[in-house]
Every structure is written in C-alpha cells, then in structure tokens.
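Listing of coords03.txt, compact mmCIF, C-alpha atoms and all ligand atoms
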```txt
# COMPACT_ATOMS: atom_id res chain seq x y z
CA MET G 9 62.61 119.70 100.06
CA ALA G 10 61.08 116.24 100.75
CA LYS G 11 59.68 115.62 104.26
CA ILE G 12 60.45 112.45 106.19
CA THR G 13 57.57 110.78 108.11
CA PRO G 14 58.15 109.47 111.67
CA ILE G 15 58.03 105.84 110.44
CA GLU G 16 60.43 106.58 107.58
CA PHE G 17 62.78 108.26 110.06
CA LYS G 18 62.75 105.16 112.28
CA VAL G 19 63.49 102.85 109.36
CA PHE G 20 66.05 105.17 107.79
CA SER G 21 67.99 105.89 110.97
CA LYS G 22 68.24 102.13 111.67
CA TYR G 23 69.46 101.60 108.11
CA ILE G 24 72.12 104.33 108.44
CA PHE G 25 73.19 102.82 111.75
CA ASP G 26 73.47 99.33 110.19
CA VAL G 27 75.54 100.46 107.21
CA CYS G 28 77.97 102.84 108.91
CA GLY G 29 77.33 102.94 112.66
CA ILE G 30 76.23 106.58 112.71
CA THR G 31 73.44 107.19 115.23
CA LEU G 32 70.70 109.62 114.22
CA LYS G 33 68.52 110.32 117.23
CA GLU G 34 65.00 111.80 117.07
CA GLY G 35 65.36 115.47 116.24
CA LYS G 36 67.81 114.76 113.40
CA GLU G 37 65.02 114.50 110.81
CA TYR G 38 66.20 117.77 109.28
CA LEU G 39 69.66 116.28 108.73
CA ILE G 40 68.26 113.41 106.64
CA GLU G 41 65.91 115.78 104.82
CA THR G 42 68.53 118.37 103.91
CA ARG G 43 71.32 115.95 103.05
CA LEU G 44 69.28 113.36 101.15
CA SER G 45 66.75 115.51 99.27
CA PRO G 46 69.23 116.11 96.39
CA LEU G 47 69.69 112.31 96.13
CA LEU G 48 65.91 111.75 96.02
CA GLU G 49 65.74 114.15 93.11
CA LYS G 50 68.78 112.65 91.36
CA HIS G 51 67.36 109.11 91.57
CA GLY G 52 63.77 110.11 90.73
CA CYS G 53 62.35 109.09 94.12
CA VAL G 54 59.29 110.81 95.53
CA SER G 55 59.70 109.67 99.15
CA PHE G 56 62.29 108.49 101.67
CA SER G 57 60.64 105.04 101.64
CA GLU G 58 61.29 104.78 97.92
CA ILE G 59 64.98 105.68 98.15
CA TYR G 60 65.35 103.35 101.15
CA TYR G 61 64.04 100.33 99.19
CA LYS G 62 66.19 101.29 96.18
CA ALA G 63 69.31 101.60 98.35
CA ARG G 64 68.73 98.15 99.87
CA ARG G 65 69.22 96.71 96.37
CA ASP G 66 71.81 99.15 95.02
CA LYS G 67 75.26 99.27 96.67
CA ASP G 68 76.28 102.39 94.71
CA LEU G 69 73.26 104.28 95.99
CA GLU G 70 74.06 103.03 99.49
CA LYS G 71 77.56 104.58 99.14
CA GLU G 72 76.04 107.87 97.97
CA ILE G 73 73.79 107.90 101.03
CA ILE G 74 76.74 107.24 103.38
CA ASP G 75 78.70 110.06 101.69
CA ALA G 76 75.77 112.46 102.11
CA ILE G 77 75.09 111.58 105.76
CA SER G 78 78.65 111.45 107.09
CA THR G 79 79.87 114.74 108.48
CA ASN G 80 83.27 115.33 106.95
CA GLU G 81 84.18 118.56 108.76
CA THR G 82 87.98 118.76 109.07
CA PHE G 83 90.90 121.10 108.50
CA PHE G 84 94.70 121.23 108.51
CA PHE G 85 96.39 121.31 111.95
CA ARG G 86 92.95 120.98 113.61
CA ASP G 87 93.31 121.76 117.35
CA VAL G 88 97.12 122.15 116.85
CA THR G 89 98.19 120.43 120.12
CA PRO G 90 97.93 116.81 118.83
CA PHE G 91 100.44 117.71 116.12
CA GLU G 92 102.73 119.48 118.61
CA VAL G 93 102.76 116.44 120.90
CA LEU G 94 103.30 114.19 117.85
CA GLN G 95 106.33 116.22 116.78
CA HIS G 96 107.95 116.95 120.12
CA LYS G 97 107.10 113.91 122.25
CA ILE G 98 105.49 110.92 120.52
CA LEU G 99 107.66 110.52 117.42
CA PRO G 100 111.00 111.19 119.19
CA ASP G 101 110.08 108.72 121.98
CA LEU G 102 108.87 106.12 119.50
CA ILE G 103 112.01 106.36 117.34
CA ASP G 104 114.15 106.03 120.44
CA LYS G 105 112.24 102.94 121.66
CA ARG G 106 112.04 101.19 118.28
CA GLY G 107 115.61 102.10 117.35
CA ARG G 108 117.01 100.42 120.48
CA SER G 109 115.66 96.98 119.58
CA LEU G 110 116.79 96.99 115.92
CA ARG G 111 119.98 95.64 114.36
CA PRO G 112 122.32 98.44 113.17
CA GLY G 113 121.32 99.82 109.75
CA ALA G 114 117.75 98.45 109.85
CA ARG G 115 114.99 100.95 109.03
CA ILE G 116 112.91 102.01 112.03
CA PRO G 117 109.23 101.06 111.58
CA ILE G 118 106.62 103.77 112.24
CA ARG G 119 102.96 102.76 111.79
CA ILE G 120 100.34 105.51 111.95
CA LEU G 121 96.57 105.18 111.41
CA SER G 122 94.05 107.98 111.01
CA LEU G 123 90.57 106.51 111.65
CA GLY G 124 87.81 108.63 110.14
CA CYS G 125 90.33 110.72 108.20
CA SER G 126 87.64 112.49 106.15
CA THR G 127 89.08 114.35 103.15
CA GLY G 128 92.71 113.87 104.20
CA GLN G 129 93.68 117.09 106.00
CA GLU G 130 94.58 115.21 109.23
CA VAL G 131 96.77 112.72 107.36
CA TYR G 132 98.58 115.38 105.35
CA THR G 133 99.16 117.39 108.53
CA ILE G 134 100.88 114.26 109.91
CA THR G 135 103.09 114.13 106.78
CA PHE G 136 104.06 117.79 107.37
CA VAL G 137 105.15 116.83 110.90
CA LEU G 138 107.06 113.75 109.70
CA ARG G 139 108.93 115.90 107.19
CA ALA G 140 109.59 118.65 109.75
CA LEU G 141 111.43 115.98 111.76
CA GLY G 142 113.34 114.92 108.64
CA LEU G 143 111.59 111.54 108.56
CA GLY G 144 111.51 109.97 105.12
CA THR G 145 111.63 106.41 103.89
CA ASP G 146 115.43 106.15 103.69
CA MET G 147 115.97 105.52 107.42
CA TYR G 148 112.38 104.85 108.40
CA ASP G 149 109.86 102.26 107.31
CA ILE G 150 106.78 104.50 107.40
CA ARG G 151 103.22 103.25 107.01
CA LEU G 152 100.73 106.10 107.29
CA ILE G 153 97.18 105.16 106.37
CA GLY G 154 93.96 107.18 106.46
CA VAL G 155 90.63 105.33 106.43
CA ASP G 156 87.06 106.59 106.24
CA VAL G 157 83.65 105.06 105.58
CA SER G 158 82.91 107.71 102.94
CA ASN G 159 84.12 106.85 99.43
CA ALA G 160 83.82 110.46 98.32
CA ALA G 161 85.98 111.64 101.24
CA ILE G 162 88.64 109.02 100.49
CA ALA G 163 88.63 109.90 96.77
CA LYS G 164 89.28 113.55 97.64
CA ALA G 165 91.94 112.62 100.21
CA SER G 166 93.80 110.45 97.68
CA TYR G 167 93.67 113.20 95.08
CA GLY G 168 95.22 115.68 97.56
CA VAL G 169 93.81 118.79 95.90
CA TYR G 170 92.27 121.56 98.05
CA SER G 171 90.64 124.91 97.50
CA GLU G 172 91.98 128.25 98.71
CA PHE G 173 89.28 128.24 101.41
CA GLU G 174 90.22 124.75 102.66
CA LEU G 175 93.87 125.80 102.91
CA SER G 176 93.09 129.06 104.65
CA ARG G 177 91.52 127.05 107.50
CA GLY G 178 94.66 126.18 109.48
CA LEU G 179 97.57 127.14 107.24
CA SER G 180 99.56 130.37 106.88
CA PRO G 181 100.52 131.63 103.39
CA ALA G 182 104.11 130.46 104.08
CA GLN G 183 102.90 126.95 104.97
CA ILE G 184 100.69 126.86 101.87
CA SER G 185 103.64 127.50 99.57
CA GLN G 186 105.82 125.10 101.55
CA TYR G 187 103.39 122.15 101.32
CA PHE G 188 101.38 122.75 98.12
CA LEU G 189 101.74 123.41 94.40
CA LYS G 190 99.32 125.89 92.87
CA LEU G 191 97.34 124.25 90.05
CA ASP G 192 95.14 127.22 89.14
CA GLU G 193 93.27 130.17 90.69
CA ASN G 194 91.50 128.08 93.33
CA ARG G 195 93.20 124.66 93.48
CA TRP G 196 96.34 123.57 95.26
CA LYS G 197 97.91 120.08 95.23
CA VAL G 198 99.89 118.53 98.09
CA LYS G 199 103.55 118.29 97.01
CA ASP G 200 104.73 114.74 96.19
CA GLU G 201 107.29 114.62 99.01
CA TYR G 202 104.34 114.72 101.47
CA ARG G 203 101.75 112.98 99.29
CA TRP G 204 103.72 109.77 98.85
CA LEU G 205 104.11 109.22 102.59
CA ALA G 206 100.33 108.64 102.89
CA THR G 207 97.88 106.00 101.67
CA PHE G 208 94.09 106.04 101.90
CA GLU G 209 91.43 103.37 101.99
CA THR G 210 87.64 103.23 102.32
CA HIS G 211 86.90 101.32 105.51
CA ASN G 212 84.11 101.11 108.07
CA ILE G 213 85.47 101.00 111.63
CA PHE G 214 82.89 98.33 112.48
CA ASP G 215 83.78 96.07 109.56
CA THR G 216 85.09 92.87 111.11
CA SER G 217 86.00 91.25 107.77
CA LYS G 218 89.13 93.36 107.31
CA ASP G 219 92.17 93.60 109.57
CA LEU G 220 94.08 96.86 109.13
CA GLY G 221 97.05 95.56 111.12
CA ARG G 222 98.78 97.00 114.18
CA PHE G 223 99.84 100.58 114.75
CA ASP G 224 102.19 102.62 116.92
CA ILE G 225 100.03 105.75 116.73
CA ILE G 226 96.28 106.04 116.12
CA PHE G 227 94.45 109.30 115.49
CA CYS G 228 90.72 108.86 116.05
CA ARG G 229 89.43 112.40 116.39
CA ASN G 230 85.87 113.67 116.11
CA VAL G 231 84.51 110.32 114.91
CA GLY G 232 83.06 108.73 118.08
CA ILE G 233 80.85 111.80 118.59
CA TYR G 234 78.54 110.43 115.88
CA PHE G 235 78.13 107.03 117.56
CA SER G 236 75.97 105.72 120.40
CA PRO G 237 77.80 105.07 123.71
CA ILE G 238 77.68 101.31 123.00
CA ASP G 239 79.28 101.77 119.61
CA ARG G 240 81.93 104.08 121.00
CA ILE G 241 82.83 101.32 123.49
CA LYS G 242 83.06 98.87 120.55
CA MET G 243 85.19 101.34 118.63
CA TYR G 244 87.66 101.79 121.50
CA GLU G 245 87.88 98.00 121.93
CA LYS G 246 88.88 97.77 118.26
CA ILE G 247 91.41 100.55 118.69
CA ALA G 248 92.87 98.83 121.77
CA ALA G 249 93.30 95.65 119.71
CA MET G 250 95.06 97.55 116.90
CA LEU G 251 97.38 99.64 119.07
CA GLU G 252 100.83 98.37 120.17
CA PRO G 253 101.11 97.97 123.98
CA ASP G 254 103.39 101.04 124.09
CA GLY G 255 101.45 102.88 121.35
CA TYR G 256 99.72 106.27 121.40
CA LEU G 257 96.09 107.30 120.86
CA LEU G 258 94.97 110.84 120.05
CA ILE G 259 91.31 111.84 120.32
CA GLY G 260 89.43 115.07 119.57
CA ALA G 261 89.71 118.18 121.75
CA THR G 262 86.06 117.93 122.85
CA GLU G 263 86.11 114.15 123.39
CA SER G 264 86.72 112.12 126.53
CA LEU G 265 87.26 108.42 127.23
CA THR G 266 86.02 108.61 130.83
CA TYR G 267 82.61 106.97 130.30
CA ASP G 268 83.52 104.75 127.34
CA THR G 269 86.62 102.76 128.24
CA ASP G 270 89.33 102.11 130.81
CA ARG G 271 91.60 100.59 128.15
CA PHE G 272 93.75 103.73 127.96
CA VAL G 273 95.43 106.03 130.44
CA PRO G 274 95.81 109.76 129.79
CA LYS G 275 99.25 111.33 129.69
CA LYS G 276 99.99 115.06 129.62
CA TYR G 277 102.67 116.75 127.60
CA LEU G 278 102.79 120.56 127.82
CA ARG G 279 99.22 121.60 126.91
CA ALA G 280 98.36 118.35 125.11
CA VAL G 281 96.76 115.10 126.28
CA PHE G 282 97.44 111.76 124.62
CA TYR G 283 96.52 108.22 125.66
CA GLN G 284 98.44 104.97 126.04
CA PRO G 285 97.17 101.42 126.62
CA ASN G 286 96.35 100.73 130.26
CA PRO G 287 98.65 97.85 131.30
CA ALA G 288 96.17 96.92 134.07
CA VAL G 289 93.40 96.16 131.55
CA THR G 290 93.84 93.59 128.82
CA GLY G 291 91.30 92.17 126.36
C1 LIG E 301 84.11 115.07 111.56
S1 LIG E 301 85.07 114.01 110.55
C2 LIG E 301 86.60 114.02 111.44
C3 LIG E 301 87.79 114.12 110.51
C4 LIG E 301 89.16 114.20 111.20
N1 LIG E 301 89.41 113.03 112.01
C5 LIG E 301 89.25 115.45 112.04
O1 LIG E 301 89.14 115.37 113.28
O2 LIG E 301 89.43 116.53 111.49
C6 LIG E 301 84.39 112.41 110.98
C7 LIG E 301 84.69 111.36 109.91
O3 LIG E 301 84.35 110.07 110.44
C8 LIG E 301 83.89 109.29 109.35
N2 LIG E 301 83.15 108.12 109.84
C9 LIG E 301 81.89 108.10 110.38
N3 LIG E 301 81.53 106.84 110.65
C10 LIG E 301 82.57 106.04 110.29
C11 LIG E 301 82.79 104.63 110.32
N4 LIG E 301 81.85 103.80 110.78
N5 LIG E 301 83.97 104.15 109.87
C12 LIG E 301 84.93 105.02 109.39
N6 LIG E 301 84.77 106.34 109.33
C13 LIG E 301 83.61 106.86 109.77
C14 LIG E 301 83.03 110.28 108.56
O4 LIG E 301 82.82 109.84 107.23
C15 LIG E 301 83.84 111.56 108.66
O5 LIG E 301 84.67 111.75 107.54
```
Show me, as structure tokens, the structure contained in the file I just sent.
Amino acid sequence: MAKITPIEFKVFSKYIFDVCGITLKEGKEYLIETRLSPLLEKHGCVSFSEIYYKARRDKDLEKEIIDAISTNETFFFRDVTPFEVLQHKILPDLIDKRGRSLRPGARIPIRILSLGCSTGQEVYTITFVLRALGLGTDMYDIRLIGVDVSNAAIAKASYGVYSEFELSRGLSPAQISQYFLKLDENRWKVKDEYRWLATFETHNIFDTSKDLGRFDIIFCRNVGIYFSPIDRIKMYEKIAAMLEPDGYLLIGATESLTYDTDRFVPKKYLRAVFYQPNPAVTG
C-alpha cells in the first residue's frame, strides 16, 4: 500500500475538503492510504502527489476519489425511531395541516428530502413507510428525493438492487419478501410500487449553484459527523433555508444540534426526537 507524506496529507485533505466538504484531520492518513491506494494502482500513479495533480485536471478521477473517500455506511430502518415518528406523528400531522388549506379534491403535497442518502436504504425505508400509510400518488403529490455527493452511491441507489447481506441488516425475511423481488441467489430488487416513489440525484450539500427547492421533511442523518463545526453550521443554515416553517428535520441518533445551531427546536414523540424550525430565529 502507498504511504502518504505529511505534506501530501496536508494538500490532499484540503483538496478533499474543497471538493466535498469532508474534513480529514491529522491521524486520518490511514484512511486516505487504504481507500485511495487501489486508485493509485488503477491510474498508474506512484505517489499521492501524482494522483492529486492528475485529479485536478480530470473530473472523472475527482469523482472516483470522492466515491472512495466518502463513508457510505447505511442500512434499512437505521435507528428505527425516525421511521416510527415519521409514520405515527410527522406524516399524519403534515397531511392534516396541508389538507386543511387545499381546495376539495386537490392532491396533498408531501415533499421529502434525504440529504446524504448514500446507497438509498434510507430513502427506500421512507417509501415503505409511505406505503404502510397507504400514501400513493393518486391522492398525494409526493416528491421524495435522495441526494449524495458520491456518484457511485447514487448509481446504486437508483438501481435499487441489494445483496442478501445488505437486506439482512435491518429487515426481517417477511419484510424482504414484501418489499423486494428476488433476481438471483444474492440480488434483490426494490419492487416498483416503492421504487417509483423515489428519485435520486448527485449533489454536494455545499453546492450553491443548484437549488433543490423547499421541503416539508428533511432527513440529514450521519452526514454532519464528517464535517468541521463551521461546515456543520453552514449545512444547518442551508437546511433551515430549505425547510418549510412548519417542517420537520430528522438527524442521526448520535448527533446533536446543541453546539451547531439554534435554528431548530427539539420535539419529543414517544422515544423519538425530531426538530422543527425555531420561530424565534430567522435567517
Ligand atoms: C454515513 S452515510 C449516511 C447515510 C444515511 N443518511 C444514513 O444515515 O444511513 C453519509 C453520506 O453522506 C454523504 N456526503 C458526504 N459529504 C457530502 C456532501 N458534501 N454532500 C452530500 N452528501 C455528502 C456521503 O457520500 C455518504 O453517503
């Protein structure tokens, strides 16, 4: 495996930060070495300086580097409680609120964003919940979008095909046959009735050139943990701007907003915590 020098690490970690916002502090040399050594070999580079200069001129290589560095760990029904609160509190309340202000017969709009959706498990779990509540596109105008900075993750999410191992992390055998079609010994595809509720797009949270629109519900779980405190603050400012004033934010089980933003107030529902915009703080 190639070794990264201290100067290369400085240059490379700044580069990674500039292209996708991920902070690699000193001590993370091994992460660059283990994740990028296969790319050095593939592109015939003998050092991290060489691949760095190549990547500066080659957007495809840059994407490969982002894919290799981003940590895409995810699974179906991760942490469970966000999906319980979505099903039993957030969606019923939202439908009630939105339904009241619509003319009779109009479809109720529901806009959901998964920021840093990785390979799609979070988004498909949301589709399982939507379907469990009987929500389809006949009575509801649903926009469910998953975005991630990693092209490879988005390609896999869009494809909607998972291995036996990926399904076994979070799903029971009964759920697997309810939500998936078996393609062969080790591959299962999300059934169309769930698949077509979701769309996916490659997007960097810090990209200011693209507006994703406004949302009623935003999932942003286990993404901010890779950013510096300053970038997390920036990220939550962006989320505050995208979320409806009565919208809902769900963060990861090990995350907290306490030191990063006062833009949201926590609310408790059974054993779950979700956040809503703080009416006392506006941008
Ligand atoms: C650990 S995964 C979390 C996946 C899912 N939200 C969950 O909790 O199971 C973090 C994801 O954030 C994505 N990510 C990192 N930096 C990003 C950025 N600047 N913009 C968009 N996505 C980013 C990574 O590519 C990765 O797929």
Which residue out of G:Leu99, G:Val231, G:Leu32, G:Ile247 has the minimum interatomic distance to Leu121 of chain G when all atoms listed in the file are used?
G:Ile247
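Selecting all polymer residues at most 6 Å from ligand LIG 301 (chain E), using only C-alpha atoms and all ligand atoms, gives Cys28, Gly29, Ile30, Ser78, Thr79, Asn80, Glu81, Thr82, Phe83, Gly124, Cys125, Ser126, Glu130, Asp156, Val157, Ser158, His211, Asn212, Ile213, Phe214, Cys228, Arg229, Asn230 and Val231 of chain G.
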Would you kindly return, as a PyMOL selection string, each protein, DNA or RNA residue with an atom no farther than 10 Å from any atom of Lys190 of chain G, considering all atoms listed in the file and excluding same-chain residues fewer than 3 positions away?
chain G and resi 169-172+184-185+193-199
Atom-to-atom span, atom CA of Ala280 of chain G and atom CA of Ile226 of chain G, Å
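Those two atoms sit 15.4 Å apart.
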Contacts of Phe84 of chain G at 12 Å or less, counting only C-alpha atoms, minus same-chain residues fewer than 2 places along, as a VMD selection string?
chain G and resid 81 to 82 86 to 88 90 to 91 125 to 137 170 173 to 180 183 to 184 187 198
Those selected residues, please, written with C-alpha atoms and delivered as a JSON list (two decimals), keeping the file's coordinate frame.
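Output saved as again_21.json:
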```json
[["chain", "number", "residue", "atom", "x", "y", "z"],
["G", 81, "GLU", "CA", 84.18, 118.56, 108.76],
["G", 82, "THR", "CA", 87.98, 118.76, 109.07],
["G", 86, "ARG", "CA", 92.95, 120.98, 113.61],
["G", 87, "ASP", "CA", 93.31, 121.76, 117.35],
["G", 88, "VAL", "CA", 97.12, 122.15, 116.85],
["G", 90, "PRO", "CA", 97.93, 116.81, 118.83],
["G", 91, "PHE", "CA", 100.44, 117.71, 116.12],
["G", 125, "CYS", "CA", 90.33, 110.72, 108.20],
["G", 126, "SER", "CA", 87.64, 112.49, 106.15],
["G", 127, "THR", "CA", 89.08, 114.35, 103.15],
["G", 128, "GLY", "CA", 92.71, 113.87, 104.20],
["G", 129, "GLN", "CA", 93.68, 117.09, 106.00],
["G", 130, "GLU", "CA", 94.58, 115.21, 109.23],
["G", 131, "VAL", "CA", 96.77, 112.72, 107.36],
["G", 132, "TYR", "CA", 98.58, 115.38, 105.35],
["G", 133, "THR", "CA", 99.16, 117.39, 108.53],
["G", 134, "ILE", "CA", 100.88, 114.26, 109.91],
["G", 135, "THR", "CA", 103.09, 114.13, 106.78],
["G", 136, "PHE", "CA", 104.06, 117.79, 107.37],
["G", 137, "VAL", "CA", 105.15, 116.83, 110.90],
["G", 170, "TYR", "CA", 92.27, 121.56, 98.05],
["G", 173, "PHE", "CA", 89.28, 128.24, 101.41],
["G", 174, "GLU", "CA", 90.22, 124.75, 102.66],
["G", 175, "LEU", "CA", 93.87, 125.80, 102.91],
["G", 176, "SER", "CA", 93.09, 129.06, 104.65],
["G", 177, "ARG", "CA", 91.52, 127.05, 107.50],
["G", 178, "GLY", "CA", 94.66, 126.18, 109.48],
["G", 179, "LEU", "CA", 97.57, 127.14, 107.24],
["G", 180, "SER", "CA", 99.56, 130.37, 106.88],
["G", 183, "GLN", "CA", 102.90, 126.95, 104.97],
["G", 184, "ILE", "CA", 100.69, 126.86, 101.87],
["G", 187, "TYR", "CA", 103.39, 122.15, 101.32],
["G", 198, "VAL", "CA", 99.89, 118.53, 98.09]]
```
Just the residues within 12 Å of Thr216 of chain G, please, counting all atoms listed in the file, with nothing from its chain fewer than 5 positions along; format it as a list in words.
His211, Lys242, Met243 and Lys246 of chain G
Between atom CA of Asp254 of chain G and atom CA of Gly142 of chain G, measure the distance and give it in Å to one decimal.
23.0 Å
Within 7 Å of segment 143-151 of chain G, counting all atoms listed in the file, which residues qualify if same-chain residues fewer than 6 places away don't, as a PDB file with C-alpha atoms, in the frame of the given file?
```pdb
ATOM      1  CA  ARG G 115     114.990 100.950 109.030  1.00  0.00           C
ATOM      2  CA  ILE G 116     112.910 102.010 112.030  1.00  0.00           C
ATOM      3  CA  PRO G 117     109.230 101.060 111.580  1.00  0.00           C
ATOM      4  CA  ILE G 118     106.620 103.770 112.240  1.00  0.00           C
ATOM      5  CA  ARG G 119     102.960 102.760 111.790  1.00  0.00           C
ATOM      6  CA  ILE G 120     100.340 105.510 111.950  1.00  0.00           C
TER       7      ILE G 120
END
```
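The closest residue to Ile40 of chain G, picked from G:Leu191, G:Val54, G:Leu94, G:Met9 and counting only C-alpha atoms, is G:Met9.
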Kindly list the centre and edge lengths in Å, rounded to one decimal, for the axis-aligned box that covers all listed atoms of segment 74-87 of chain G plus 8 Å on each of its six sides, as JSON.
```
{"center_x": 85.7, "center_y": 114.5, "center_z": 109.5, "size_x": 37.3, "size_y": 30.5, "size_z": 31.7}
```
